[in-house]
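What follows is the content of protein-v2.txt (compact mmCIF, C-alpha atoms).
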# COMPACT_ATOMS: atom_id res chain seq x y z
CA MET A 1 3.74 14.11 99.35
CA THR A 2 3.77 15.69 95.91
CA PHE A 3 0.98 16.42 93.49
CA GLY A 4 3.15 16.36 90.38
CA ALA A 5 1.91 17.51 87.00
CA ALA A 6 -0.80 14.90 86.43
CA PRO A 7 -4.35 16.31 86.48
CA SER A 8 -5.78 13.10 87.90
CA LEU A 9 -5.01 10.29 90.33
CA THR A 10 -7.85 8.05 89.16
CA SER A 11 -5.41 5.47 87.80
CA ALA A 12 -3.96 5.12 91.31
CA PHE A 13 -7.40 4.49 92.83
CA THR A 14 -8.42 0.84 93.25
CA PRO A 15 -12.20 0.46 93.63
CA PHE A 16 -14.03 -2.40 95.35
CA ASP A 17 -17.44 -3.24 96.78
CA ALA A 18 -17.43 -3.21 100.59
CA GLY A 19 -20.68 -5.16 100.73
CA ALA A 20 -22.86 -2.69 102.66
CA GLU A 21 -23.16 0.96 103.63
CA VAL A 22 -19.84 2.29 104.95
CA VAL A 23 -20.07 3.96 108.36
CA ALA A 24 -16.37 4.63 109.01
CA ALA A 25 -12.90 4.02 107.57
CA ALA A 26 -9.58 3.55 109.34
CA PHE A 27 -6.16 1.95 109.19
CA LEU A 28 -5.11 -0.53 111.87
CA GLY A 29 -1.39 -0.09 111.41
CA GLU A 30 -0.91 -0.96 107.74
CA THR A 31 -4.28 -2.68 107.43
CA PRO A 32 -7.28 -0.77 105.97
CA VAL A 33 -10.68 -1.49 107.48
CA LEU A 34 -14.22 -0.28 106.83
CA ALA A 35 -17.01 -0.41 109.41
CA LEU A 36 -20.28 -1.38 107.72
CA ALA A 37 -23.84 -0.56 108.72
CA ASP A 38 -24.81 -4.25 108.72
CA GLY A 39 -22.50 -4.99 111.65
CA ARG A 40 -19.52 -6.29 109.69
CA LEU A 41 -15.98 -5.03 109.15
CA ALA A 42 -14.44 -5.19 105.67
CA PHE A 43 -10.69 -5.70 105.24
CA PRO A 44 -9.65 -5.16 101.60
CA ASN A 45 -6.49 -6.92 100.47
CA GLY A 46 -5.76 -6.73 96.77
CA ASP A 47 -8.59 -8.39 94.87
CA GLU A 48 -9.98 -10.02 98.01
CA ILE A 49 -12.13 -8.62 100.80
CA ARG A 50 -12.23 -10.34 104.17
CA HIS A 51 -15.28 -9.72 106.34
CA LEU A 52 -15.42 -9.97 110.12
CA VAL A 53 -18.67 -9.84 112.08
CA ALA A 54 -18.33 -7.28 114.86
CA HIS A 55 -22.04 -6.97 115.72
CA ALA A 56 -23.93 -10.13 114.78
CA ASP A 57 -27.34 -8.84 115.82
CA GLY A 58 -27.09 -5.14 115.09
CA ALA A 59 -25.90 -2.27 112.97
CA ILE A 60 -22.72 -0.28 113.58
CA LEU A 61 -23.63 3.29 114.53
CA ALA A 62 -20.25 4.76 115.47
CA ALA A 63 -16.57 3.86 115.30
CA ALA A 64 -13.18 5.08 116.54
CA ILE A 65 -9.62 3.77 116.46
CA ASP A 66 -7.21 3.30 119.36
CA GLY A 67 -4.26 2.59 117.08
CA ARG A 68 -4.34 -1.19 116.84
CA ARG A 69 -8.08 -1.84 117.26
CA LEU A 70 -11.31 -0.50 115.79
CA ILE A 71 -13.84 0.34 118.48
CA THR A 72 -17.44 0.10 117.29
CA GLY A 73 -20.76 0.86 118.95
CA GLY A 74 -24.00 -0.66 117.70
CA ASP A 75 -27.76 -0.60 118.03
CA ASP A 76 -27.36 -3.96 119.80
CA GLY A 77 -25.98 -2.14 122.86
CA LEU A 78 -22.47 -3.52 122.43
CA VAL A 79 -19.15 -1.72 122.38
CA VAL A 80 -16.72 -4.00 120.54
CA ALA A 81 -12.96 -3.85 119.94
CA SER A 82 -11.75 -5.66 116.80
CA ASP A 83 -8.23 -6.11 115.47
CA SER A 84 -6.87 -6.88 112.02
CA ALA A 85 -6.14 -10.51 112.90
CA GLY A 86 -9.80 -11.23 113.57
CA GLY A 87 -9.70 -10.78 117.32
CA ARG A 88 -12.91 -9.48 118.89
CA GLU A 89 -13.50 -8.27 122.46
CA ILE A 90 -16.80 -7.08 123.90
CA ILE A 91 -15.87 -3.97 125.89
CA ALA A 92 -19.37 -3.23 127.18
CA ASP A 93 -22.91 -4.56 126.95
CA GLU A 94 -25.54 -1.88 127.46
CA LYS A 95 -28.43 -4.36 127.23
CA GLY A 96 -29.79 -3.30 123.86
CA LYS A 97 -29.51 0.46 124.35
CA TRP A 98 -28.07 2.21 121.31
CA ILE A 99 -24.45 3.32 121.46
CA ASP A 100 -24.67 6.84 120.07
CA ALA A 101 -20.96 7.75 119.99
CA VAL A 102 -17.53 6.30 120.72
CA ALA A 103 -14.09 7.83 121.18
CA ALA A 104 -10.68 6.29 121.72
CA ARG A 105 -7.11 7.18 122.60
CA PHE A 106 -3.97 5.40 121.48
CA GLU A 107 -3.16 4.06 124.93
CA GLY A 108 -6.43 2.11 125.01
CA THR A 109 -8.59 4.64 126.86
CA LEU A 110 -12.17 4.55 125.56
CA ALA A 111 -15.44 6.43 125.97
CA TRP A 112 -18.97 5.92 124.72
CA SER A 113 -22.40 7.46 125.16
CA VAL A 114 -25.57 5.53 125.81
CA GLY A 115 -28.88 7.26 126.43
CA ARG A 116 -28.23 10.19 128.74
CA GLU A 117 -24.99 8.82 130.14
CA LEU A 118 -21.32 9.00 129.17
CA ARG A 119 -18.94 6.21 130.15
CA ALA A 120 -15.14 6.50 130.25
CA ARG A 121 -12.96 3.39 130.51
CA THR A 122 -9.26 3.13 131.36
CA PRO A 123 -6.99 0.51 129.76
CA LYS A 124 -7.28 -1.48 133.01
CA GLY A 125 -11.06 -1.70 132.59
CA GLU A 126 -12.15 0.84 135.20
CA VAL A 127 -15.36 2.52 134.03
CA LYS A 128 -16.78 5.80 135.29
CA THR A 129 -20.17 7.26 134.35
CA LEU A 130 -21.25 10.87 133.86
CA PRO A 131 -24.99 11.74 133.74
CA LEU A 132 -25.77 14.08 130.83
CA PRO A 133 -28.55 16.64 130.29
CA SER A 134 -29.46 14.88 127.03
CA SER A 135 -28.18 12.13 124.76
CA SER A 136 -24.81 12.73 123.09
CA ARG A 137 -23.72 11.91 119.56
CA GLY A 138 -20.35 13.65 119.80
CA ILE A 139 -17.48 12.94 122.20
CA ALA A 140 -13.78 13.67 121.84
CA PHE A 141 -10.67 13.24 123.97
CA PHE A 142 -8.35 16.15 124.60
CA PRO A 143 -4.89 15.60 123.10
CA LYS A 144 -3.28 15.56 126.55
CA GLY A 145 -4.59 14.33 129.86
CA TYR A 146 -7.58 12.17 130.69
CA ARG A 147 -10.24 14.68 129.67
CA LEU A 148 -13.28 14.58 127.40
CA ALA A 149 -15.46 17.04 125.49
CA ILE A 150 -19.08 15.85 125.30
CA ALA A 151 -21.60 17.54 122.99
CA HIS A 152 -25.26 17.59 124.03
CA TYR A 153 -28.28 19.85 124.12
CA ASN A 154 -27.42 23.49 124.98
CA GLY A 155 -23.66 23.07 125.04
CA VAL A 156 -20.64 20.94 125.86
CA SER A 157 -19.39 19.30 129.04
CA LEU A 158 -15.65 19.13 129.69
CA TRP A 159 -14.97 16.23 132.02
CA PHE A 160 -11.99 14.83 133.85
CA PRO A 161 -13.29 11.34 134.81
CA ASN A 162 -10.94 11.26 137.80
CA ALA A 163 -11.86 14.73 139.04
CA GLY A 164 -15.61 14.75 139.65
CA ALA A 165 -18.06 17.29 138.23
CA PRO A 166 -17.60 18.55 134.66
CA GLU A 167 -17.20 22.10 133.41
CA PHE A 168 -20.14 23.26 131.30
CA LEU A 169 -19.79 25.50 128.22
CA GLU A 170 -23.22 26.81 127.26
CA TRP A 171 -24.72 27.73 123.92
CA LYS A 172 -28.43 27.24 123.23
CA GLY A 173 -29.36 24.60 120.69
CA SER A 174 -28.63 21.00 119.76
CA HIS A 175 -24.91 20.19 119.51
CA ILE A 176 -24.03 17.03 117.57
CA ASP A 177 -20.38 16.23 116.76
CA ALA A 178 -17.45 17.36 118.91
CA THR A 179 -13.78 17.97 118.21
CA VAL A 180 -10.85 19.39 120.17
CA SER A 181 -8.01 21.29 118.51
CA PRO A 182 -4.62 19.50 118.52
CA ASP A 183 -3.23 22.05 121.00
CA GLY A 184 -6.24 21.61 123.30
CA LYS A 185 -7.12 25.31 123.22
CA PHE A 186 -10.44 25.12 121.36
CA VAL A 187 -13.53 22.90 121.44
CA LEU A 188 -15.84 22.89 118.40
CA THR A 189 -19.23 21.31 117.76
CA THR A 190 -21.47 20.87 114.77
CA MET A 191 -25.09 21.83 115.37
CA GLN A 192 -28.56 20.81 114.27
CA GLU A 193 -28.66 24.21 112.60
CA ASN A 194 -26.40 24.78 109.59
CA MET A 195 -23.50 26.10 111.64
CA LEU A 196 -20.61 25.30 113.94
CA HIS A 197 -20.04 26.62 117.42
CA GLY A 198 -16.82 26.80 119.37
CA TRP A 199 -15.31 27.88 122.65
CA ARG A 200 -11.86 28.93 123.74
CA VAL A 201 -11.17 26.57 126.61
CA SER A 202 -9.15 29.04 128.71
CA ASP A 203 -12.01 31.50 129.20
CA GLY A 204 -15.09 30.01 127.52
CA LYS A 205 -15.15 32.68 124.80
CA ASN A 206 -17.78 31.78 122.18
CA MET A 207 -17.08 31.35 118.47
CA ARG A 208 -20.02 31.23 116.07
CA MET A 209 -19.26 29.88 112.59
CA ALA A 210 -22.32 30.16 110.36
CA GLY A 211 -23.23 30.48 106.68
CA TYR A 212 -23.42 26.81 105.71
CA PRO A 213 -26.18 25.78 103.28
CA ALA A 214 -26.36 22.29 104.83
CA LYS A 215 -25.47 20.53 108.07
CA THR A 216 -21.79 20.02 108.82
CA ARG A 217 -21.07 16.40 109.80
CA SER A 218 -17.38 16.01 108.98
CA LEU A 219 -14.47 17.83 110.64
CA SER A 220 -10.72 17.36 110.19
CA TRP A 221 -7.72 19.20 111.65
CA SER A 222 -4.53 19.86 109.72
CA HIS A 223 -1.41 18.18 111.09
CA ASP A 224 -0.12 21.50 112.47
CA GLY A 225 -3.45 22.35 114.10
CA LYS A 226 -3.72 25.66 112.24
CA TRP A 227 -6.66 24.74 109.99
CA LEU A 228 -10.02 22.99 110.44
CA ALA A 229 -11.63 21.53 107.33
CA THR A 230 -15.41 21.11 107.31
CA SER A 231 -18.21 19.69 105.17
CA GLY A 232 -21.69 21.11 104.64
CA ALA A 233 -21.21 23.43 101.67
CA ASP A 234 -20.50 23.19 97.93
CA ALA A 235 -16.82 23.50 98.85
CA CYS A 236 -14.56 22.33 101.63
CA VAL A 237 -14.69 25.24 104.10
CA VAL A 238 -11.39 25.61 105.99
CA TRP A 239 -11.25 27.78 109.11
CA PRO A 240 -7.98 29.38 110.32
CA PHE A 241 -6.79 28.74 113.88
CA GLN A 242 -3.47 30.56 113.89
CA SER A 243 -4.39 33.27 116.39
CA LYS A 244 -5.41 33.17 120.05
CA ASP A 245 -8.98 34.02 118.97
CA GLY A 246 -9.18 31.14 116.52
CA PRO A 247 -11.26 32.00 113.45
CA MET A 248 -13.00 35.01 114.94
CA GLY A 249 -12.64 37.99 112.62
CA GLU A 250 -10.95 35.83 109.99
CA PRO A 251 -12.71 34.61 106.83
CA PRO A 252 -12.54 30.90 106.03
CA ARG A 253 -10.89 29.56 102.90
CA GLU A 254 -12.68 27.39 100.38
CA CYS A 255 -11.28 24.66 98.16
CA GLY A 256 -12.76 22.02 95.91
CA VAL A 257 -15.64 24.31 94.93
CA ARG A 258 -18.40 22.54 92.97
CA PRO A 259 -21.58 24.60 92.57
CA GLU A 260 -24.71 22.78 93.71
CA VAL A 261 -22.76 19.68 94.85
CA LYS A 262 -22.29 19.34 98.61
CA VAL A 263 -19.17 18.14 100.37
CA THR A 264 -19.98 15.21 102.68
CA ARG A 265 -16.57 14.15 104.09
CA VAL A 266 -13.17 15.77 104.62
CA ALA A 267 -9.82 14.36 105.77
CA PHE A 268 -6.59 16.32 106.12
CA HIS A 269 -3.37 14.60 105.09
CA PRO A 270 -1.34 13.56 108.19
CA SER A 271 1.76 15.57 107.26
CA ALA A 272 0.95 17.94 104.37
CA LEU A 273 -1.41 20.90 103.96
CA ALA A 274 -3.67 18.95 101.64
CA VAL A 275 -7.19 17.74 102.26
CA ALA A 276 -9.17 14.86 100.78
CA ILE A 277 -12.74 15.88 99.93
CA GLY A 278 -15.69 13.56 99.33
CA TYR A 279 -18.94 14.72 97.71
CA GLU A 280 -22.58 13.67 97.64
CA ASP A 281 -22.27 12.44 94.03
CA GLY A 282 -19.38 10.06 94.78
CA MET A 283 -16.56 12.29 93.62
CA VAL A 284 -13.34 12.43 95.65
CA MET A 285 -10.71 15.13 95.22
CA LEU A 286 -7.41 16.19 96.78
CA CYS A 287 -6.85 19.90 97.29
CA ARG A 288 -3.63 21.55 98.43
CA LEU A 289 -4.09 24.63 100.58
CA THR A 290 -0.82 26.32 99.68
CA ASP A 291 -1.75 26.91 96.03
CA ALA A 292 -5.36 25.57 95.74
CA SER A 293 -4.24 22.94 93.22
CA GLU A 294 -6.69 20.06 92.80
CA LEU A 295 -6.41 16.43 91.76
CA LEU A 296 -9.26 14.07 90.93
CA VAL A 297 -9.23 10.78 92.86
CA ARG A 298 -12.64 9.36 91.97
CA ALA A 299 -14.94 10.69 89.26
CA PRO A 300 -18.57 11.48 90.10
CA ASP A 301 -21.13 8.77 89.46
CA ARG A 302 -23.28 8.99 86.37
CA GLY A 303 -26.09 6.83 87.70
CA GLU A 304 -27.22 6.43 91.29
CA PRO A 305 -24.75 8.58 93.25
CA ALA A 306 -22.47 7.03 95.85
CA ARG A 307 -22.58 9.59 98.66
CA ILE A 308 -19.11 9.53 100.25
CA SER A 309 -19.49 8.63 103.93
CA ALA A 310 -15.92 7.85 105.05
CA LEU A 311 -12.36 8.98 104.30
CA SER A 312 -9.20 7.99 106.15
CA TRP A 313 -5.45 8.38 105.54
CA ASP A 314 -2.88 5.89 106.75
CA ALA A 315 -0.26 7.15 109.20
CA LYS A 316 2.36 7.66 106.48
CA GLY A 317 -0.02 9.60 104.23
CA THR A 318 0.57 7.27 101.28
CA ARG A 319 -2.90 5.68 101.12
CA LEU A 320 -6.42 7.08 101.32
CA LEU A 321 -9.33 4.76 102.14
CA VAL A 322 -12.70 5.76 100.71
CA GLY A 323 -16.21 4.50 101.49
CA ALA A 324 -19.73 5.44 100.41
CA GLU A 325 -23.29 4.95 101.66
CA ASN A 326 -24.08 2.41 98.93
CA GLY A 327 -21.05 0.21 99.69
CA VAL A 328 -18.83 1.59 96.93
CA ALA A 329 -15.28 1.88 98.24
CA GLY A 330 -11.66 2.04 97.19
CA VAL A 331 -8.06 2.77 98.11
CA LEU A 332 -5.90 5.52 96.63
CA THR A 333 -2.18 4.75 96.68
CA LEU A 334 -0.22 7.93 96.04
CA PRO A 335 2.47 7.53 93.39
CA LYS A 336 6.02 7.64 94.69
CA LYS A 337 8.19 10.59 93.77
Let me see the structure of the file written as structure tokens.
Amino acid sequence: MTFGAAPSLTSAFTPFDAGAEVVAAAFLGETPVLALADGRLAFPNGDEIRHLVAHADGAILAAAIDGRRLITGGDDGLVVASDSAGGREIIADEKGKWIDAVAARFEGTLAWSVGRELRARTPKGEVKTLPLPSSSRGIAFFPKGYRLAIAHYNGVSLWFPNAGAPEFLEWKGSHIDATVSPDGKFVLTTMQENMLHGWRVSDGKNMRMAGYPAKTRSLSWSHDGKWLATSGADACVVWPFQSKDGPMGEPPRECGVRPEVKVTRVAFHPSALAVAIGYEDGMVMLCRLTDASELLVRAPDRGEPARISALSWDAKGTRLLVGAENGVAGVLTLPKK
């Protein structure tokens, strides 16, 4: 990936209307897909957009990808797996209870939260249930092994579904999203307060990451696992994870600074130290960490702002899929060298 000398990539960005609020973006192999709040999936292809109904009687609340399928959870109580060819499989029916979070692994292992329970499912269809102290909106698989991090009130549970009781990492307050570092050494959560909290898995050492003017709801790890990009400020705040103590005692870096305009979504490039940044006014930017160079992808809206709600790179890092809360969307195709 190269940034070149051009100050803008707007000519390489192809906009389209997804048809409804965008909840999540992903690539199923080479195929881009957007999960929409009205229960549909949107598959853009040139000037055409194909829609597939994933949840006929409900809204999509959460989504994750297992490589070839998009796993969606809805307010209809369904967990659904959809593929790019139009295939649809109902993974679970929770009888109308909202699916608050979903997570997936590439081998087909899935997890979802419903009420105060967490369910983990193997590729063979075996499902195990973990009672939780509260509802959970954030679950994440560890990079290795059949293990989950589950955010909830007053902390995080680390659970091996095949090994019984979970390990509990405590920190008072409401924990929302969860993420695990690519090396499996750190677990981080966003909180109801304007802050992040983390733990070192080996000994449970706490990491408090505060100072945000707004809630952080988007997290993205760099491909080498040494940086964590976050939303929730008028810049993309990037925390260092090079040392055994993670970011403790180390100041974060900032890129894409725009005074009074909050960052809403972040997505690290899959192989370069560059991060895509989406803002509350619809602007999208690429920022390279090595020299802080910036490139405009989508200009801010002049009228009603399109708050960016989803960003996703393809596996090769040549295309960036963008979605907003008002249905505005588009694909950036990076120019070849």
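Rounded to one decimal, atom CA of A:Ala235 and atom CA of A:Val22 lie 22.3 Å from each other.
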One decimal, Å: what's the distance from atom CA of A:Ile277 over to atom CA of A:Gly303, could you say?
20.2 Å
May I ask which of the residues A:Ile71, A:Cys236, A:Leu158, A:Ala18 is the closest one to A:Pro252, counting all atoms listed in the file?
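Nearest to A:Pro252: A:Cys236.
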Which polymer residues, protein or nucleic acid, are no farther than 10 Å from (-19.2, 18.9, 134.4), counting all atoms listed in the file, as number ranges by chain?
A: 130-132, 149-150, 156-161, 163-169
Next, the residues of the selection above should be written as a short mmCIF file (atom, residue, chain, number, x, y, z; two decimals), in the frame of the given file with C-alpha atoms.
data_model
loop_
_atom_site.label_atom_id
_atom_site.label_comp_id
_atom_site.auth_asym_id
_atom_site.auth_seq_id
_atom_site.Cartn_x
_atom_site.Cartn_y
_atom_site.Cartn_z
CA LEU A 130 -21.25 10.87 133.86
CA PRO A 131 -24.99 11.74 133.74
CA LEU A 132 -25.77 14.08 130.83
CA ALA A 149 -15.46 17.04 125.49
CA ILE A 150 -19.08 15.85 125.30
CA VAL A 156 -20.64 20.94 125.86
CA SER A 157 -19.39 19.30 129.04
CA LEU A 158 -15.65 19.13 129.69
CA TRP A 159 -14.97 16.23 132.02
CA PHE A 160 -11.99 14.83 133.85
CA PRO A 161 -13.29 11.34 134.81
CA ALA A 163 -11.86 14.73 139.04
CA GLY A 164 -15.61 14.75 139.65
CA ALA A 165 -18.06 17.29 138.23
CA PRO A 166 -17.60 18.55 134.66
CA GLU A 167 -17.20 22.10 133.41
CA PHE A 168 -20.14 23.26 131.30
CA LEU A 169 -19.79 25.50 128.22
#
With 3 Å added on each side, what axis-aligned box encloses every listed atom of stretch 65-73 of chain A? Give the centre and edge lengths in Å to one decimal, as lines of an AutoDock Vina configuration file.
center_x = -12.5
center_y = 1.0
center_z = 117.6
size_x = 22.5
size_y = 11.6
size_z = 9.6
Between atom CA of A:Ala210 and atom CA of A:Trp112 - distance in Å to one decimal:
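Calculated distance between atom CA of A:Trp112 and atom CA of A:Ala210 is 28.4 Å.
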Of A:Trp221, A:Ile176, A:Ala310, A:Leu9, the one sitting nearest A:Met285 when using only C-alpha atoms is A:Leu9
Point out the residue among A:Val238, A:Gly323, A:Gly246, A:Lys226 with the least atom-to-atom distance to A:Asn206, counting all atoms listed in the file.
A:Gly246
List as a count of residues only the protein and nucleic acid residues near A:Val187, meaning an atom at most 10 Å away when all atoms listed in the file are counted, but skip any in the same chain fewer than 3 places from it.
22
Contact residues around A:Phe13 with only C-alpha atoms at 7 Å, ignoring same-chain residues under 6 positions, as an MDAnalysis selection string
chainID A and resid 297 330:333
Using all atoms listed in the file for the distances, tell me which of A:Gly256, A:Pro305, A:Pro270, A:Gly115 is nearest to A:Leu320.
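Counting all atoms listed in the file, the residue closest to A:Leu320 is A:Pro270.
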Find the residues with any atom within 8 Å of (-27.8, 20.0, 119.3); use only C-alpha atoms and the coordinates as given in the file, and write the answer as a list in words.
Ala151, His152, Tyr153, Asn154, Gly155, Gly173, Ser174, His175, Ile176, Thr190, Met191, Gln192 and Glu193 of chain A
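Closest to A:Leu311 among A:Tyr146, A:Phe16, A:Phe27, A:Phe106 is A:Phe27, based on all atoms listed in the file.
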Restricting the calculation to all atoms listed in the file: of A:Gly96, A:Gly138, A:Gly278, A:Pro251, which residue gets closest to A:Leu321?
A:Gly278
With a distance cut-off of 9 Å and all atoms listed in the file, select the neighbouring residues of A:Cys255, excluding the residue or stretch itself and same-chain residues fewer than 5 positions from it, and output the selection as an mmCIF file with C-alpha atoms, keeping the file's coordinate frame.
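Result went into selection.cif, see below:
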data_model
loop_
_atom_site.group_PDB
_atom_site.id
_atom_site.type_symbol
_atom_site.label_atom_id
_atom_site.label_comp_id
_atom_site.auth_asym_id
_atom_site.auth_seq_id
_atom_site.Cartn_x
_atom_site.Cartn_y
_atom_site.Cartn_z
ATOM 1 C CA ALA A 235 -16.820 23.500 98.850
ATOM 2 C CA CYS A 236 -14.560 22.330 101.630
ATOM 3 C CA VAL A 237 -14.690 25.240 104.100
ATOM 4 C CA VAL A 238 -11.390 25.610 105.990
ATOM 5 C CA CYS A 287 -6.850 19.900 97.290
ATOM 6 C CA ARG A 288 -3.630 21.550 98.430
ATOM 7 C CA LEU A 289 -4.090 24.630 100.580
ATOM 8 C CA ALA A 292 -5.360 25.570 95.740
ATOM 9 C CA SER A 293 -4.240 22.940 93.220
ATOM 10 C CA GLU A 294 -6.690 20.060 92.800
#
I'd like the neighbourhood of A:Leu34 as a PDB file with C-alpha atoms, keeping the file's coordinate frame, where a residue qualifies if any of its atoms comes within 8 Å (using only C-alpha atoms), though same-chain residues fewer than 4 positions away should be ignored.
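Output contents, as saved in selection21.pdb:
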ATOM      1  CA  ALA A  18     -17.430  -3.210 100.590  1.00  0.00           C
ATOM      2  CA  VAL A  22     -19.840   2.290 104.950  1.00  0.00           C
ATOM      3  CA  VAL A  23     -20.070   3.960 108.360  1.00  0.00           C
ATOM      4  CA  ALA A  24     -16.370   4.630 109.010  1.00  0.00           C
ATOM      5  CA  ALA A  25     -12.900   4.020 107.570  1.00  0.00           C
ATOM      6  CA  ALA A  26      -9.580   3.550 109.340  1.00  0.00           C
ATOM      7  CA  LEU A  41     -15.980  -5.030 109.150  1.00  0.00           C
ATOM      8  CA  ALA A  42     -14.440  -5.190 105.670  1.00  0.00           C
ATOM      9  CA  PHE A  43     -10.690  -5.700 105.240  1.00  0.00           C
ATOM     10  CA  GLY A 323     -16.210   4.500 101.490  1.00  0.00           C
TER      11      GLY A 323
END
